[in-house]
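Everything below belongs to model_2.tsv, which stores TSV, C-alpha atoms and all ligand atoms.
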```
chain	number	residue	atom	x	y	z
N	11	MET	CA	11.89	17.02	-13.38
N	12	LYS	CA	10.62	15.65	-10.06
N	13	ARG	CA	8.46	12.52	-9.98
N	14	ASP	CA	5.62	11.95	-7.52
N	15	PHE	CA	4.13	8.64	-6.44
N	16	LEU	CA	0.51	9.39	-5.64
N	17	ASN	CA	-1.01	6.55	-7.64
N	18	LEU	CA	0.50	3.21	-8.59
N	19	THR	CA	-0.14	4.25	-12.19
N	20	ASP	CA	2.29	7.18	-11.78
N	21	LEU	CA	4.87	4.50	-12.62
N	22	SER	CA	4.85	2.50	-15.82
N	23	ARG	CA	4.69	-1.28	-15.89
N	24	GLN	CA	8.38	-1.37	-16.88
N	25	GLU	CA	9.40	1.01	-14.08
N	26	ILE	CA	7.66	-1.22	-11.55
N	27	LEU	CA	9.38	-4.29	-12.99
N	28	ASP	CA	12.71	-2.45	-12.69
N	29	LEU	CA	11.92	-1.53	-9.08
N	30	ILE	CA	11.08	-5.16	-8.30
N	31	LYS	CA	14.46	-6.20	-9.68
N	32	ARG	CA	16.27	-3.51	-7.70
N	33	THR	CA	14.35	-4.51	-4.56
N	34	ALA	CA	15.72	-8.04	-4.81
N	35	THR	CA	19.26	-6.65	-4.98
N	36	LEU	CA	18.75	-4.31	-2.02
N	37	LYS	CA	17.21	-7.13	0.02
N	38	LYS	CA	20.11	-9.45	-0.76
N	39	GLU	CA	22.72	-6.77	0.01
N	40	ARG	CA	21.06	-6.08	3.35
N	41	SER	CA	21.11	-9.77	4.26
N	42	GLU	CA	24.85	-9.80	3.49
N	43	ASN	CA	25.52	-6.59	5.45
N	44	ILE	CA	26.56	-4.80	2.27
N	45	PRO	CA	25.81	-1.08	2.75
N	46	HIS	CA	24.10	0.90	0.00
N	47	PRO	CA	24.32	4.59	1.00
N	48	VAL	CA	22.83	5.96	-2.22
N	49	LEU	CA	20.88	8.76	-0.49
N	50	GLN	CA	23.67	10.24	1.60
N	51	GLY	CA	22.82	13.80	2.66
N	52	LYS	CA	19.15	13.42	1.61
N	53	SER	CA	16.21	14.03	3.98
N	54	LEU	CA	12.67	12.66	3.75
N	55	GLY	CA	9.83	14.38	5.61
N	56	MET	CA	7.12	11.95	6.69
N	57	ILE	CA	3.80	13.67	7.40
N	58	PHE	CA	1.53	11.37	9.37
N	59	ARG	CA	-2.02	12.61	9.91
N	60	LYS	CA	-3.07	9.03	10.76
N	61	ASN	CA	-1.55	6.16	12.72
N	62	SER	CA	1.04	3.78	11.29
N	63	THR	CA	3.37	0.99	12.36
N	64	ARG	CA	4.74	-0.46	9.11
N	65	THR	CA	4.78	2.60	6.87
N	66	ARG	CA	6.40	4.87	9.41
N	67	ILE	CA	9.07	2.44	10.54
N	68	SER	CA	9.91	0.98	7.13
N	69	PHE	CA	10.32	4.42	5.53
N	70	GLU	CA	12.36	5.72	8.48
N	71	VAL	CA	14.66	2.70	8.63
N	72	GLY	CA	14.79	2.63	4.83
N	73	MET	CA	16.12	6.20	4.67
N	74	PHE	CA	18.65	5.40	7.40
N	75	GLU	CA	19.88	2.34	5.50
N	76	LEU	CA	20.21	4.38	2.31
N	77	GLY	CA	22.46	6.83	4.15
N	78	GLY	CA	19.79	9.52	4.44
N	79	HIS	CA	17.61	10.90	7.20
N	80	ALA	CA	13.86	10.80	7.90
N	81	LEU	CA	11.76	13.22	9.93
N	82	TYR	CA	8.54	11.98	11.55
N	83	LEU	CA	6.08	14.87	11.36
N	84	THR	CA	2.66	14.64	12.96
N	85	ASP	CA	-0.32	16.95	13.13
N	86	GLU	CA	0.62	17.78	16.70
N	87	GLN	CA	3.96	19.21	15.55
N	88	LEU	CA	3.11	20.95	12.29
N	89	GLN	CA	1.47	24.33	11.74
N	90	LEU	CA	-0.84	22.54	9.25
N	91	LYS	CA	-3.01	21.68	12.24
N	92	ARG	CA	-3.21	25.40	13.13
N	93	GLY	CA	-4.28	26.57	9.69
N	94	GLU	CA	-1.12	26.92	7.59
N	95	THR	CA	-2.14	25.88	4.10
N	96	ILE	CA	-0.89	22.75	2.41
N	97	GLU	CA	0.34	24.93	-0.48
N	98	ASP	CA	2.54	27.08	1.82
N	99	SER	CA	3.71	23.97	3.68
N	100	ALA	CA	4.71	22.48	0.31
N	101	ARG	CA	6.72	25.57	-0.65
N	102	VAL	CA	8.52	25.76	2.71
N	103	LEU	CA	9.25	22.04	3.08
N	104	SER	CA	10.64	21.97	-0.47
N	105	ARG	CA	13.41	24.31	0.73
N	106	TYR	CA	14.59	21.86	3.41
N	107	LEU	CA	13.80	18.36	2.25
N	108	HIS	CA	14.49	16.12	-0.74
N	109	GLY	CA	11.16	14.29	-0.61
N	110	ILE	CA	7.95	13.99	1.42
N	111	MET	CA	5.86	10.97	2.27
N	112	ILE	CA	2.33	11.83	3.39
N	113	ARG	CA	-0.38	9.73	5.06
N	114	ASN	CA	-3.68	11.51	5.45
N	115	ASP	CA	-7.42	11.22	5.02
N	116	ASP	CA	-7.69	13.29	1.88
N	117	PHE	CA	-6.13	12.34	-1.44
N	118	GLU	CA	-6.81	15.85	-2.75
N	119	GLU	CA	-4.57	17.29	-0.02
N	120	ALA	CA	-1.75	14.95	-1.09
N	121	ARG	CA	-2.30	16.00	-4.71
N	122	LEU	CA	-2.13	19.69	-3.76
N	123	LEU	CA	1.05	19.04	-1.79
N	124	ALA	CA	2.56	17.46	-4.92
N	125	GLU	CA	1.37	20.31	-7.13
N	126	HIS	CA	2.99	22.98	-4.97
N	127	ALA	CA	6.16	21.14	-3.89
N	128	ASP	CA	9.35	21.09	-5.93
N	129	ILE	CA	10.31	17.73	-4.46
N	130	PRO	CA	8.85	14.21	-4.95
N	131	ILE	CA	5.72	13.41	-2.94
N	132	ILE	CA	4.96	9.82	-1.97
N	133	ASN	CA	1.45	8.73	-0.99
N	134	GLY	CA	1.82	6.69	2.19
N	135	LEU	CA	-1.97	5.98	2.31
N	136	THR	CA	-4.93	8.23	1.70
N	137	ASP	CA	-8.68	7.68	1.79
N	138	LYS	CA	-8.47	6.84	-1.93
N	139	ASN	CA	-5.53	4.48	-2.24
N	140	HIS	CA	-2.39	2.92	-0.77
N	141	PRO	CA	0.02	2.58	-3.69
N	142	VAL	CA	3.23	1.85	-1.75
N	143	GLN	CA	1.55	-1.16	-0.17
N	144	VAL	CA	0.63	-2.69	-3.52
N	145	LEU	CA	4.03	-1.84	-5.02
N	146	CYS	CA	5.65	-3.80	-2.18
N	147	ASP	CA	3.05	-6.60	-2.52
N	148	LEU	CA	3.96	-7.02	-6.19
N	149	PHE	CA	7.53	-7.68	-5.07
N	150	THR	CA	6.25	-10.27	-2.58
N	151	LEU	CA	4.30	-11.97	-5.37
N	152	GLN	CA	7.39	-12.01	-7.57
N	153	GLU	CA	9.27	-13.67	-4.69
N	154	LYS	CA	6.58	-16.21	-3.83
N	155	LEU	CA	5.03	-16.99	-7.23
N	156	GLY	CA	7.97	-16.07	-9.45
N	157	ARG	CA	5.73	-13.72	-11.45
N	158	VAL	CA	3.51	-10.65	-11.21
N	159	GLU	CA	1.18	-11.68	-14.04
N	160	ASN	CA	-0.82	-14.75	-15.01
N	161	PHE	CA	-2.36	-15.48	-11.64
N	162	CYS	CA	-5.69	-14.85	-9.95
N	163	ILE	CA	-5.99	-12.80	-6.76
N	164	ALA	CA	-9.19	-12.57	-4.73
N	165	TYR	CA	-9.56	-9.47	-2.57
N	166	VAL	CA	-12.18	-10.26	0.07
N	167	GLY	CA	-13.74	-7.75	2.46
N	168	ASP	CA	-14.40	-4.03	2.58
N	169	GLY	CA	-14.09	-2.00	-0.62
N	170	ASN	CA	-11.51	0.62	0.33
N	171	ASN	CA	-8.19	2.28	-0.44
N	172	MET	CA	-6.42	-1.10	-0.73
N	173	THR	CA	-9.02	-2.38	-3.16
N	174	TYR	CA	-8.59	0.72	-5.30
N	175	SER	CA	-4.81	0.25	-5.46
N	176	TRP	CA	-5.27	-3.39	-6.48
N	177	MET	CA	-7.44	-2.13	-9.32
N	178	GLU	CA	-4.64	0.28	-10.22
N	179	ALA	CA	-2.27	-2.70	-10.33
N	180	ALA	CA	-4.68	-4.66	-12.54
N	181	SER	CA	-4.66	-1.77	-14.99
N	182	LEU	CA	-0.86	-2.13	-15.36
N	183	PHE	CA	-0.33	-5.89	-15.08
N	184	ASP	CA	-2.12	-8.80	-16.64
N	185	PHE	CA	-3.61	-10.75	-13.74
N	186	GLN	CA	-7.18	-11.55	-12.75
N	187	LEU	CA	-8.53	-9.54	-9.81
N	188	ASN	CA	-11.69	-10.85	-8.14
N	189	ILE	CA	-13.16	-8.39	-5.65
N	190	ALA	CA	-15.72	-9.70	-3.16
N	191	THR	CA	-17.52	-7.11	-1.04
N	192	PRO	CA	-21.05	-6.78	0.32
N	193	PRO	CA	-23.10	-4.60	-2.08
N	194	GLU	CA	-23.13	-1.89	0.62
N	195	CYS	CA	-19.30	-1.86	0.90
N	196	THR	CA	-18.17	-1.45	-2.69
N	197	THR	CA	-15.00	0.46	-3.52
N	198	PRO	CA	-15.20	4.19	-4.18
N	199	GLY	CA	-13.71	4.94	-7.60
N	200	THR	CA	-14.63	1.57	-9.05
N	201	LYS	CA	-15.95	3.23	-12.19
N	202	ASP	CA	-12.39	4.45	-12.97
N	203	PHE	CA	-11.56	0.83	-13.81
N	204	SER	CA	-14.92	-0.43	-15.11
N	205	HIS	CA	-13.40	-0.86	-18.59
N	206	LEU	CA	-10.82	-3.39	-17.35
N	207	LYS	CA	-11.42	-6.91	-18.53
N	208	ASN	CA	-9.34	-8.43	-15.73
N	209	VAL	CA	-11.38	-7.11	-12.76
N	210	SER	CA	-14.51	-8.99	-11.67
N	211	PHE	CA	-16.86	-8.01	-8.85
N	212	PHE	CA	-18.57	-10.51	-6.55
N	213	THR	CA	-20.94	-10.28	-3.62
N	214	SER	CA	-20.01	-13.79	-2.45
N	215	ALA	CA	-16.57	-14.56	-1.00
N	216	ASP	CA	-16.99	-18.25	-1.96
N	217	ASP	CA	-17.49	-17.36	-5.62
N	218	ALA	CA	-14.57	-14.90	-5.66
N	219	VAL	CA	-11.96	-17.33	-4.30
N	220	LYS	CA	-12.71	-20.14	-6.77
N	221	GLY	CA	-9.59	-20.47	-8.93
N	222	ALA	CA	-7.65	-17.95	-6.84
N	223	ASP	CA	-3.89	-18.31	-6.36
N	224	VAL	CA	-3.84	-15.53	-3.75
N	225	ILE	CA	-6.41	-14.35	-1.20
N	226	TYR	CA	-5.94	-10.80	0.05
N	227	ALA	CA	-7.37	-9.29	3.24
N	228	ASP	CA	-7.56	-5.86	4.79
N	229	VAL	CA	-9.26	-4.53	7.91
N	230	TRP	CA	-13.04	-4.24	7.82
N	231	VAL	CA	-12.97	-0.73	9.26
N	232	SER	CA	-10.33	1.56	7.80
N	233	MET	CA	-8.89	4.52	9.66
N	234	GLY	CA	-11.31	7.41	9.46
N	235	MET	CA	-14.32	5.10	8.94
N	236	GLU	CA	-14.98	4.44	12.61
N	237	ALA	CA	-18.50	5.92	12.39
N	238	GLU	CA	-19.44	2.96	10.16
N	239	GLN	CA	-17.88	0.36	12.45
N	240	ASP	CA	-21.09	-1.34	13.63
N	241	LYS	CA	-22.60	-1.47	10.16
N	242	LYS	CA	-19.45	-2.84	8.53
N	243	MET	CA	-18.81	-5.42	11.24
N	244	GLN	CA	-22.29	-6.81	10.62
N	245	LEU	CA	-22.25	-6.70	6.81
N	246	LEU	CA	-18.77	-8.20	6.51
N	247	GLN	CA	-19.27	-11.31	8.68
N	248	PRO	CA	-19.74	-13.57	5.60
N	249	PHE	CA	-16.46	-12.21	4.16
N	250	GLN	CA	-14.14	-13.58	6.84
N	251	ILE	CA	-11.03	-15.33	5.51
N	252	ASN	CA	-11.00	-18.65	7.36
N	253	GLN	CA	-9.86	-22.19	6.61
N	254	LYS	CA	-13.19	-23.09	5.01
N	255	LEU	CA	-12.88	-20.21	2.54
N	256	LEU	CA	-9.19	-20.90	1.92
N	257	ASP	CA	-10.02	-24.53	1.07
N	258	GLN	CA	-12.15	-23.30	-1.83
N	259	ALA	CA	-9.23	-21.47	-3.47
N	260	ASN	CA	-6.54	-23.20	-5.53
N	261	PRO	CA	-4.42	-25.68	-3.54
N	262	GLY	CA	-1.57	-23.85	-1.80
N	263	ALA	CA	-3.11	-20.42	-2.47
N	264	LEU	CA	-1.16	-17.66	-0.75
N	265	VAL	CA	-2.77	-15.58	1.99
N	266	MET	CA	-1.82	-11.92	2.10
N	267	HIS	CA	-2.89	-9.11	4.42
N	268	CYS	CA	-1.51	-5.58	4.37
N	269	LEU	CA	-1.84	-5.52	8.19
N	270	PRO	CA	-2.75	-4.50	10.85
N	271	ALA	CA	-4.90	-7.64	11.25
N	272	HIS	CA	-7.89	-8.01	13.49
N	273	ARG	CA	-7.74	-11.69	14.28
N	274	GLY	CA	-11.19	-13.24	14.41
N	275	ASP	CA	-12.74	-10.49	12.27
N	276	GLU	CA	-11.51	-10.24	8.65
N	277	ILE	CA	-9.16	-13.22	9.10
N	278	THR	CA	-8.86	-16.04	11.59
N	279	GLY	CA	-5.67	-16.47	13.59
N	280	ASP	CA	-5.11	-20.02	12.28
N	281	VAL	CA	-5.10	-18.81	8.66
N	282	LEU	CA	-2.94	-15.77	9.45
N	283	ASP	CA	-0.36	-18.00	11.16
N	284	GLY	CA	-0.88	-20.96	8.82
N	285	PRO	CA	1.45	-22.43	6.19
N	286	GLN	CA	-0.18	-20.56	3.30
N	287	SER	CA	0.21	-17.14	4.92
N	288	VAL	CA	3.00	-14.88	3.69
N	289	VAL	CA	1.90	-11.84	5.66
N	290	PHE	CA	5.03	-11.31	7.70
N	291	ASP	CA	7.35	-11.63	4.69
N	292	GLN	CA	4.95	-9.23	3.02
N	293	ALA	CA	5.36	-6.77	5.91
N	294	GLU	CA	9.16	-7.10	5.77
N	295	ASN	CA	9.15	-6.38	2.06
N	296	ARG	CA	7.72	-2.92	2.73
N	297	LEU	CA	11.25	-1.98	3.80
N	298	HIS	CA	13.05	-3.38	0.77
N	299	ALA	CA	10.66	-2.22	-1.95
N	300	GLN	CA	10.26	1.28	-0.50
N	301	LYS	CA	14.04	1.63	-0.44
N	302	ALA	CA	14.06	0.97	-4.18
N	303	LEU	CA	11.30	3.54	-4.64
N	304	LEU	CA	13.14	6.14	-2.50
N	305	GLU	CA	16.33	5.57	-4.47
N	306	MET	CA	14.46	6.04	-7.74
N	307	LEU	CA	12.64	9.23	-6.69
N	308	LEU	CA	15.19	10.97	-4.47
N	309	SER	CA	18.60	10.29	-6.01
J	1	LIG	N1	-0.02	-1.76	5.95
J	1	LIG	C1	0.26	-0.56	6.48
J	1	LIG	O1	0.33	0.48	5.78
J	1	LIG	O2	0.49	-0.60	7.80
J	1	LIG	P1	0.59	0.66	8.78
J	1	LIG	O3	-0.79	1.27	8.86
J	1	LIG	O4	1.04	0.10	10.09
J	1	LIG	O5	1.58	1.64	8.22
J	2	LIG	N1	-7.60	0.15	4.66
J	2	LIG	C1	-6.75	0.32	5.80
J	2	LIG	C2	-5.34	0.04	5.41
J	2	LIG	C3	-4.37	0.07	6.53
J	2	LIG	C4	-2.96	-0.17	6.08
J	2	LIG	C5	-6.91	1.73	6.36
J	2	LIG	O1	-7.02	2.67	5.57
J	2	LIG	O2	-6.93	1.89	7.58
```
Here is a file; write its structure as structure tokens.
Amino acid sequence: MKRDFLNLTDLSRQEILDLIKRTATLKKERSENIPHPVLQGKSLGMIFRKNSTRTRISFEVGMFELGGHALYLTDEQLQLKRGETIEDSARVLSRYLHGIMIRNDDFEEARLLAEHADIPIINGLTDKNHPVQVLCDLFTLQEKLGRVENFCIAYVGDGNNMTYSWMEAASLFDFQLNIATPPECTTPGTKDFSHLKNVSFFTSADDAVKGADVIYADVWVSMGMEAEQDKKMQLLQPFQINQKLLDQANPGALVMHCLPAHRGDEITGDVLDGPQSVVFDQAENRLHAQKALLEMLLS
């Protein structure tokens, strides 16, 4: 029976803990030049209908390091752009590939791909959520804090796909999630998690970061939201992560950002490059944690 990874909650808490453990092993083996060709002969199709630096490169290199192969497939190359349906694409690609990662602007399209494909489908970011990012971030938290529960994380900025996936994580793990957004920029799908006792919503960044062990940032204007750029840039000014805000969190609080960063907008350069920032380790961990996920789903 194939497994998809469209939502973080498609995995159980225990499966994620197992992946975190496996990630540590894969990361260590890589640092010691120990090969781990567990996906020899396997091919991953990577459908990108939006831009990417980290997701594309970490999945591609990850497949290579697991002994498999990755194909970078864009709208310009696929017949999808010329009207072939996602259902037919799913049926055809299932005959060639062992898994597909898709990044698009429509979660429903990713869901349909999964429904009609015989192979695992991985959500590499949709308008709704970005589960691989948070899966990898949980590994980074395990590395930096030594735990993935019993801490407080403040997500500050635009309510978007990243925010939704953090809410997914809070439904699986016992940590406090404070979400600070302007009232006009709340997260779509928030009601899905309104029953959770460990998610709190704020309209003040200062209030949200009090008692936080981690502050998390994302861009103010997500891909596909460019029409709202001017409005968001104005509304989100009080939600910038800067030294003054960081000083109100717990001493030594970690700063995380899924990247790409817009220095001077959602986060200042001094905080991004400062001693509390773990953003570049976080970016590196995309490679290691996704390799564990690929091994789980494709082998
Ligand atoms: N964080 C992230 O998914 O980065 P990319 O958009 O570069 O893939
Ligand atoms: N919210 C951002 C995340 C980028 C990794 C976007 O969707 O563009």
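Contacts with ligand LIG 2 (chain J) are defined as any residue atom within 8 Å of a ligand atom, using all atoms listed in the file; the residues meeting this criterion are Ser62, Leu135, Thr136, Asp137, His140, Gln143, Asn170, Asn171, Met172, Asp228, Val229, Trp230, Val231, Ser232, Met233, Gly234, Cys268, Leu269 and Pro270 of chain N.
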message = Hey, which residues sit close to ligand LIG 1 (chain J)? Say within 12 Å, counting all atoms listed in the file, and write them as an NGL selection string.
response = :N and (56 or 58-70 or 111-114 or 133-136 or 139-147 or 171-172 or 227-229 or 232-233 or 266-271 or 289-290 or 292-297 or 300)
ask   = Using only C-alpha atoms, which of N:Lys12, N:Lys201, N:Arg92, N:Arg23 sits nearest Ser309 (chain N)?
value =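 Using only C-alpha atoms, Ser309 (chain N) sits closest to N:Lys12.
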request  = May I have the residues within 12 Å of Ser214 (chain N) as a list in words, using all atoms listed in the file and disregarding those fewer than 6 positions away in the same chain?
outcome  = Ala164, Tyr165, Val166, Gly167, Asn188, Ile189, Ala190, Thr191, Pro192, Pro193, Lys220, Leu245, Leu246, Gln247, Pro248, Phe249, Gln250 and Leu255 of chain N
query = Of the candidates N:Glu238, N:Leu27, N:Val71, N:Leu308, which one gets nearest to Gly51 (chain N) if we count all atoms listed in the file?
reply =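 Of N:Glu238, N:Leu27, N:Val71, N:Leu308, the one nearest Gly51 (chain N) is N:Leu308, counting all atoms listed in the file.
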request  = Pick out the closest residue to Asp283 (chain N) from this set: N:Leu36, N:Val265, N:Met243, N:Ile30. Count only C-alpha atoms.
outcome  = N:Val265
task = Name the closest residue to Leu123 (chain N) among the candidates N:Asp291, N:Asp14, N:Glu276, N:Glu153; distances are taken between atoms, counting all atoms listed in the file.
result =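 Of the candidates, the smallest distance to Leu123 (chain N) is held by N:Asp14.
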message = Just checking: using only C-alpha atoms, which residue out of N:Glu194, N:Asp216, N:Asp202, N:Asp223 ends up closest to Glu159 (chain N)?
response =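 Ranking N:Glu194, N:Asp216, N:Asp202, N:Asp223 by distance to Glu159 (chain N), first place goes to N:Asp223.
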Mind working out the centre and edge lengths of an axis-aligned box for region 241-260 of chain N, all listed atoms inside, 5 Å added to each side, rounded to one decimal in Å and written as lines of an AutoDock Vina configuration file?
```
center_x = -14.6
center_y = -13.0
center_z = 2.9
size_x = 26.1
size_y = 33.1
size_z = 26.8
```
ask   = So how many Å separate CA of Thr35 (chain N) and CA of His108 (chain N), to one decimal?
value =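 Distance between the two atoms: 23.6 Å.
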message = Just want the 12 Å neighbourhood of region 98-103 of chain N, counted on only C-alpha atoms, with same-chain residues fewer than 3 positions away dropped. Output as a ChimeraX atom specification.
response = /N:53-57,81,83,88-95,106-112,119-131
key: Nearest to Phe203 (chain N) by atom-to-atom distance, counting only C-alpha atoms, from N:Glu178, N:Val281, N:Leu187, N:Val219   = N:Glu178
